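Working notes, beginning with the structure itself.
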Amino acid sequence: MSELFGTLSDGTPVHRWTLERAGVRVRVLSYGGIVQSVEVPDRDGRTADVVLGFPGLDGYREHPEPYLGALVGRYANRIAGGRFPLDGRTYALEPNSGPNTLHGGERGFDKRVWDVEPVEHGLRLSRVSPDGEEGFPGRLEVTATYTLDASGALRIAYEAVTDTPTVVNLTNHTYWNLSGSGPASGELRLAASRYTPVDADLIPTGELAEVSGSRFDFRTARKVGSGYDHNFVLDKGVTESAEEVAELYDPASGRVVTVATTEPGLQLYTADHLTAPFSPGDGIALETQHFPDSPNHPDFPSTELRPGGVFRSETVYGFGVRG
């Protein structure tokens, strides 16, 4: 089911689609592939929206930097200096975070209107990113398919092909607040024995540091706290099918969200820089991804995509309750 959500200044309509199954209701926008809301019950059966979103299109247009619920690309996270080498050539991107490129540039996938078509229990979003968009090489054809399975889990499956060698790293930037309002709280379990330390600009140093004995150790579930904007190196690495890597549990409501993915990394961001109408710490982002700045770190899992190849990635958010 779709409805008109708003209109851009150039007259382009933006639609909102509603998916509902197994007691879960998800709303997705054609603008930015945004997950606007996810409604799930607590342990007493009371339903609340557990993600951060704006009620109207103007909110997303006026406050783009949090990337609330957005489909992020061409390259999720940061590329140092807005430059990367590929096949002997250095590509210059549009910097939008100091000297660095963040989440695809000034007008990444999160600020584009996607074509949407219904599929069984879901939606297929698609667009063509032209050669040179935000400085990235290659004409990139992208699809992102959002579906609810029989249990109500939200599955996002990405595919992309290119006509020129390029780099691709896609994610979803939903902020979770399992209590439904106020500061986000929760206990996080994360199957990661290492993380990528960063410099003052949040660019990885190249080290894969052990989490043992540090505040980055979530291998046993514990309260998240604040001060995180870091990529965790998932123990499973890159996998053909999605494997569970994280669980966030809110003791007050009993709500649980699990994260399964094919990706080798997960960015934990505790939203310490959110601004009005939200407050710092109102959400927790769990962004499945390849590592930040991978094109400048040959030892990191590769994000290169070449003609004839297919980029595939899948992440599944499962919902439940605990007594």
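Ordering of the structure tokens sets the chain letters (A, B, ...), residue numbers begin anew at 1 in every chain, and ligands are numbered from 1 in the order given.
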Point to revise | Contacts of range 169-184 of chain A at 7 Å (only C-alpha atoms; same-chain gap of 2+ positions) as a count of residues only | key: 31
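With only C-alpha atoms taken into account, the protein and nucleic acid residues at most 9 Å from Arg21 in chain A (excluding it and anything under 6 positions from it in its own chain) are His121, Leu148, Asp149, Ala150, Ser151, Gly152 and Ala153 of chain A.
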Exercise for review: Assign secondary structure with DSSP using the backbone only, and return the residues of range 168-249 of chain A in strand (DSSP E) as number ranges by chain.
Suggested key: A: 171-172, 175-176, 187-190, 192-195, 209-210, 222-223, 229-234, 243-249
Review point. Using only C-alpha atoms, which residues sit within 10 Å of range 54-58 of chain A once same-chain residues fewer than 6 positions away are excluded, as a ChimeraX atom specification?
Key: /A:5-8,14-15,29,31,36-37,64,68-69,277
I need the chosen residues saved as a tab-separated table (two decimals), in the first residue's frame, with N, CA, C and O atoms.
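The resulting file, out_37.tsv, is shown below:
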chain	number	residue	atom	x	y	z
A	5	PHE	N	3.61	11.10	0.15
A	5	PHE	CA	4.22	11.56	1.40
A	5	PHE	C	4.63	13.02	1.32
A	5	PHE	O	4.77	13.70	2.35
A	6	GLY	N	4.84	13.52	0.11
A	6	GLY	CA	5.27	14.89	-0.06
A	6	GLY	C	5.78	15.10	-1.47
A	6	GLY	O	5.81	14.18	-2.29
A	7	THR	N	6.19	16.32	-1.75
A	7	THR	CA	6.69	16.68	-3.07
A	7	THR	C	7.96	17.51	-2.93
A	7	THR	O	8.01	18.44	-2.11
A	8	LEU	N	8.98	17.18	-3.72
A	8	LEU	CA	10.21	17.95	-3.70
A	8	LEU	C	10.01	19.29	-4.40
A	8	LEU	O	9.02	19.49	-5.11
A	14	VAL	N	7.07	12.12	-3.70
A	14	VAL	CA	7.67	11.12	-2.81
A	14	VAL	C	6.54	10.31	-2.19
A	14	VAL	O	5.58	10.88	-1.65
A	15	HIS	N	6.65	8.98	-2.29
A	15	HIS	CA	5.60	8.10	-1.77
A	15	HIS	C	6.09	7.33	-0.56
A	15	HIS	O	7.28	7.09	-0.38
A	29	LEU	N	10.09	5.00	2.53
A	29	LEU	CA	9.91	6.12	1.62
A	29	LEU	C	10.67	5.89	0.32
A	29	LEU	O	11.76	5.30	0.32
A	31	TYR	N	11.93	8.35	-1.16
A	31	TYR	CA	13.04	9.29	-0.98
A	31	TYR	C	14.09	8.66	-0.07
A	31	TYR	O	13.84	8.36	1.10
A	36	GLN	N	11.11	4.75	7.54
A	36	GLN	CA	10.58	5.85	8.36
A	36	GLN	C	10.12	5.37	9.73
A	36	GLN	O	10.28	6.07	10.73
A	37	SER	N	9.55	4.18	9.78
A	37	SER	CA	9.05	3.67	11.06
A	37	SER	C	9.05	2.15	11.06
A	37	SER	O	8.92	1.51	10.00
A	64	PRO	N	19.29	16.55	7.02
A	64	PRO	CA	19.79	15.39	6.27
A	64	PRO	C	20.94	14.65	6.96
A	64	PRO	O	21.12	13.45	6.73
A	68	LEU	N	18.67	9.55	8.90
A	68	LEU	CA	17.71	8.72	9.62
A	68	LEU	C	17.07	7.68	8.71
A	68	LEU	O	16.37	8.01	7.75
A	69	GLY	N	17.32	6.41	8.99
A	69	GLY	CA	16.69	5.30	8.29
A	69	GLY	C	17.10	5.11	6.85
A	69	GLY	O	16.53	4.27	6.14
A	277	PRO	N	15.13	18.09	16.21
A	277	PRO	CA	14.21	17.81	17.30
A	277	PRO	C	14.56	16.61	18.16
A	277	PRO	O	13.79	16.26	19.07
Check your understanding: range 88-90 of chain A: which residues within 12 Å, counting only C-alpha atoms, same-chain residues fewer than 2 positions away excluded, as a ChimeraX atom specification?
Key -> /A:81-86,92-93,135-137,165-166,295-296
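Here the residues within range 54-261 of chain A that DSSP labels helix (DSSP H, G or I) on the basis of the backbone are Leu57, Asp58, Gly59, Tyr60, Arg61, Glu62, Ala80, Gly81, Gly82, Phe109, Asp110, Lys111, Glu133, Glu134 and Gly135 of chain A.
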Could you turn the residues from that selection into a file that holds all heavy atoms, as a CSV table (one decimal), in the first residue's frame?
chain,number,residue,atom,x,y,z
A,57,LEU,N,8.1,14.9,5.0
A,57,LEU,CA,9.2,15.0,4.1
A,57,LEU,C,10.2,16.2,4.5
A,57,LEU,O,11.4,16.1,4.4
A,57,LEU,CB,8.8,15.1,2.7
A,57,LEU,CG,9.9,15.2,1.6
A,57,LEU,CD1,10.7,14.0,1.6
A,57,LEU,CD2,9.2,15.4,0.2
A,58,ASP,N,9.6,17.3,4.9
A,58,ASP,CA,10.4,18.4,5.3
A,58,ASP,C,11.5,18.1,6.3
A,58,ASP,O,12.6,18.7,6.3
A,58,ASP,CB,9.5,19.6,5.7
A,58,ASP,CG,8.8,20.3,4.6
A,58,ASP,OD1,9.1,20.0,3.4
A,58,ASP,OD2,7.8,21.0,4.8
A,59,GLY,N,11.1,17.3,7.3
A,59,GLY,CA,12.1,16.9,8.3
A,59,GLY,C,13.3,16.3,7.7
A,59,GLY,O,14.5,16.6,8.1
A,60,TYR,N,13.2,15.4,6.8
A,60,TYR,CA,14.3,14.8,6.1
A,60,TYR,C,15.1,15.7,5.3
A,60,TYR,O,16.3,15.6,5.2
A,60,TYR,CB,13.9,13.6,5.3
A,60,TYR,CG,13.3,12.5,6.2
A,60,TYR,CD1,11.9,12.3,6.3
A,60,TYR,CD2,14.1,11.6,6.9
A,60,TYR,CE1,11.4,11.3,7.0
A,60,TYR,CE2,13.6,10.6,7.6
A,60,TYR,CZ,12.2,10.4,7.7
A,60,TYR,OH,11.7,9.4,8.5
A,61,ARG,N,14.4,16.7,4.6
A,61,ARG,CA,15.1,17.6,3.8
A,61,ARG,C,15.9,18.7,4.6
A,61,ARG,O,16.9,19.1,4.3
A,61,ARG,CB,14.1,18.3,2.9
A,61,ARG,CG,13.3,17.4,2.0
A,61,ARG,CD,14.2,17.0,0.8
A,61,ARG,NE,14.4,18.1,-0.1
A,61,ARG,CZ,15.3,18.2,-1.0
A,61,ARG,NH1,16.2,17.2,-1.2
A,61,ARG,NH2,15.4,19.2,-1.8
A,62,GLU,N,15.3,19.1,5.8
A,62,GLU,CA,15.9,20.1,6.6
A,62,GLU,C,17.0,19.5,7.5
A,62,GLU,O,17.8,20.3,8.0
A,62,GLU,CB,14.8,20.8,7.4
A,62,GLU,CG,13.8,21.6,6.5
A,62,GLU,CD,12.6,22.0,7.3
A,62,GLU,OE1,12.6,21.8,8.5
A,62,GLU,OE2,11.7,22.6,6.6
A,80,ALA,N,38.9,8.6,3.3
A,80,ALA,CA,39.9,9.6,3.7
A,80,ALA,C,40.3,10.5,2.6
A,80,ALA,O,40.6,10.1,1.5
A,80,ALA,CB,41.1,9.0,4.3
A,81,GLY,N,40.2,11.8,2.9
A,81,GLY,CA,40.6,12.8,1.9
A,81,GLY,C,39.8,12.9,0.7
A,81,GLY,O,40.1,13.6,-0.3
A,82,GLY,N,38.7,12.2,0.6
A,82,GLY,CA,37.8,12.1,-0.5
A,82,GLY,C,38.5,11.6,-1.8
A,82,GLY,O,38.2,12.0,-2.9
A,109,PHE,N,23.0,8.4,-2.1
A,109,PHE,CA,21.8,7.7,-2.3
A,109,PHE,C,20.6,8.1,-1.4
A,109,PHE,O,19.5,7.9,-1.7
A,109,PHE,CB,22.0,6.2,-2.2
A,109,PHE,CG,22.9,5.6,-3.3
A,109,PHE,CD1,23.3,6.4,-4.4
A,109,PHE,CD2,23.2,4.2,-3.3
A,109,PHE,CE1,24.1,5.8,-5.4
A,109,PHE,CE2,23.9,3.7,-4.4
A,109,PHE,CZ,24.4,4.5,-5.4
A,110,ASP,N,21.0,8.5,-0.2
A,110,ASP,CA,20.0,8.9,0.8
A,110,ASP,C,19.2,10.1,0.4
A,110,ASP,O,18.1,10.4,1.0
A,110,ASP,CB,20.7,9.2,2.2
A,110,ASP,CG,21.7,10.3,2.0
A,110,ASP,OD1,22.7,10.1,1.3
A,110,ASP,OD2,21.5,11.4,2.7
A,111,LYS,N,19.6,10.9,-0.6
A,111,LYS,CA,18.9,12.1,-1.0
A,111,LYS,C,18.4,12.0,-2.4
A,111,LYS,O,18.1,13.0,-3.1
A,111,LYS,CB,19.9,13.3,-0.9
A,111,LYS,CG,20.4,13.6,0.5
A,111,LYS,CD,21.4,14.7,0.5
A,111,LYS,CE,22.0,14.8,1.9
A,111,LYS,NZ,22.9,13.6,2.3
A,133,GLU,N,28.9,10.3,-10.7
A,133,GLU,CA,28.1,10.9,-9.6
A,133,GLU,C,28.9,11.0,-8.3
A,133,GLU,O,29.4,10.0,-7.8
A,133,GLU,CB,26.8,10.0,-9.4
A,133,GLU,CG,25.8,10.6,-8.4
A,133,GLU,CD,24.5,9.8,-8.4
A,133,GLU,OE1,24.5,8.7,-7.8
A,133,GLU,OE2,23.5,10.3,-9.0
A,134,GLU,N,29.0,12.2,-7.8
A,134,GLU,CA,29.7,12.4,-6.6
A,134,GLU,C,31.2,12.1,-6.7
A,134,GLU,O,31.9,11.9,-5.7
A,134,GLU,CB,29.1,11.8,-5.3
A,134,GLU,CG,27.7,12.2,-5.0
A,134,GLU,CD,27.7,13.7,-4.6
A,134,GLU,OE1,28.5,14.1,-3.8
A,134,GLU,OE2,26.8,14.4,-5.1
A,135,GLY,N,31.7,11.9,-8.0
A,135,GLY,CA,33.0,11.5,-8.3
A,135,GLY,C,33.3,10.1,-8.4
A,135,GLY,O,34.4,9.7,-8.8
Exercise for review: Can you work out which one of A:Ser2, A:Thr261, A:Ser97, A:Ser313 has the shortest atom-to-atom distance to Gly122 in chain A, counting only C-alpha atoms?
Suggested key: A:Ser2
**Study point:** Residues near range 213-229 of chain A, cut-off 7 Å, only C-alpha atoms, skip fewer than 5 positions along chain, as a list in words
**Key:**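 Returned residues: Gly186, Glu187, Leu188, Arg189, Leu190, Ala191, Ala192, Gln267, Leu268, Tyr269, Thr270 and Asp272 of chain A.
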Check your understanding: Which of these, A:Gly132, A:Pro118, A:Gly53, A:Gly23, has the shortest distance to Thr145 in chain A once you count only C-alpha atoms?
Key ->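 Under the stated criterion, the closest residue is A:Pro118.
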Point to revise | Spatial neighbours of Ala157 in chain A, max dist 9 Å, only C-alpha atoms, sep filter under 3 positions, as an NGL selection string | key: :A and (143-147 or 312-316)
Review point. Quick one: distance from CA of Pro130 in chain A to CA of Glu263 in chain A in Å, one decimal?
Key: 25.1 Å
Point to revise | Selected residue of minimal separation from Glu39 in chain A among A:Ser302, A:Val257, A:Arg112, A:Thr262, counting only C-alpha atoms | key: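 Using only C-alpha atoms, Glu39 in chain A sits closest to A:Val257.
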Exercise for review: Name the closest residue to Arg306 in chain A among the candidates A:Asp87, A:Asp293, A:Asp163, A:Asp42; distances are taken between atoms, counting only C-alpha atoms.
Suggested key: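 Checking each of A:Asp87, A:Asp293, A:Asp163, A:Asp42 against Arg306 in chain A, counting only C-alpha atoms, the winner is A:Asp163.
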Review point. Can you list, as an MDAnalysis selection string, every protein, DNA or RNA residue that comes within 6 Å of Gly138 in chain A when you count only C-alpha atoms, leaving out same-chain residues fewer than 2 positions away?
Key: chainID A and resid 131 140 162:164
Atoms to include: all heavy atoms. Write the selected residues as a PDB file, in the first residue's frame.
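Dumped to out-v8.pdb:
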ATOM      1  N   ASP A 131      27.708   7.477 -14.228  1.00  0.00           N
ATOM      2  CA  ASP A 131      29.166   7.578 -14.145  1.00  0.00           C
ATOM      3  C   ASP A 131      29.547   8.978 -13.673  1.00  0.00           C
ATOM      4  O   ASP A 131      29.055   9.980 -14.195  1.00  0.00           O
ATOM      5  CB  ASP A 131      29.767   7.296 -15.520  1.00  0.00           C
ATOM      6  CG  ASP A 131      31.286   7.374 -15.528  1.00  0.00           C
ATOM      7  OD1 ASP A 131      31.912   7.037 -14.505  1.00  0.00           O
ATOM      8  OD2 ASP A 131      31.841   7.776 -16.567  1.00  0.00           O
ATOM      9  N   LEU A 140      26.343   2.749 -12.303  1.00  0.00           N
ATOM     10  CA  LEU A 140      26.007   1.710 -11.333  1.00  0.00           C
ATOM     11  C   LEU A 140      24.496   1.508 -11.295  1.00  0.00           C
ATOM     12  O   LEU A 140      23.745   2.452 -11.019  1.00  0.00           O
ATOM     13  CB  LEU A 140      26.510   2.109  -9.947  1.00  0.00           C
ATOM     14  CG  LEU A 140      26.506   1.011  -8.885  1.00  0.00           C
ATOM     15  CD1 LEU A 140      27.648   0.031  -9.125  1.00  0.00           C
ATOM     16  CD2 LEU A 140      26.613   1.619  -7.488  1.00  0.00           C
ATOM     17  N   THR A 162      28.049  -2.771 -12.517  1.00  0.00           N
ATOM     18  CA  THR A 162      28.715  -1.586 -13.038  1.00  0.00           C
ATOM     19  C   THR A 162      29.256  -1.859 -14.436  1.00  0.00           C
ATOM     20  O   THR A 162      29.484  -3.016 -14.818  1.00  0.00           O
ATOM     21  CB  THR A 162      29.864  -1.160 -12.105  1.00  0.00           C
ATOM     22  OG1 THR A 162      30.465   0.036 -12.592  1.00  0.00           O
ATOM     23  CG2 THR A 162      30.933  -2.244 -12.021  1.00  0.00           C
ATOM     24  N   ASP A 163      29.499  -0.778 -15.196  1.00  0.00           N
ATOM     25  CA  ASP A 163      30.121  -0.924 -16.512  1.00  0.00           C
ATOM     26  C   ASP A 163      31.595  -0.521 -16.490  1.00  0.00           C
ATOM     27  O   ASP A 163      32.273  -0.587 -17.507  1.00  0.00           O
ATOM     28  CB  ASP A 163      29.364  -0.113 -17.568  1.00  0.00           C
ATOM     29  CG  ASP A 163      29.391   1.395 -17.302  1.00  0.00           C
ATOM     30  OD1 ASP A 163      29.940   1.815 -16.255  1.00  0.00           O
ATOM     31  OD2 ASP A 163      28.863   2.150 -18.138  1.00  0.00           O
ATOM     32  N   THR A 164      32.075  -0.066 -15.329  1.00  0.00           N
ATOM     33  CA  THR A 164      33.460   0.379 -15.148  1.00  0.00           C
ATOM     34  C   THR A 164      33.901  -0.017 -13.753  1.00  0.00           C
ATOM     35  O   THR A 164      33.093   0.046 -12.814  1.00  0.00           O
ATOM     36  CB  THR A 164      33.545   1.917 -15.289  1.00  0.00           C
ATOM     37  OG1 THR A 164      33.048   2.300 -16.570  1.00  0.00           O
ATOM     38  CG2 THR A 164      34.977   2.411 -15.131  1.00  0.00           C
TER      39      THR A 164
END
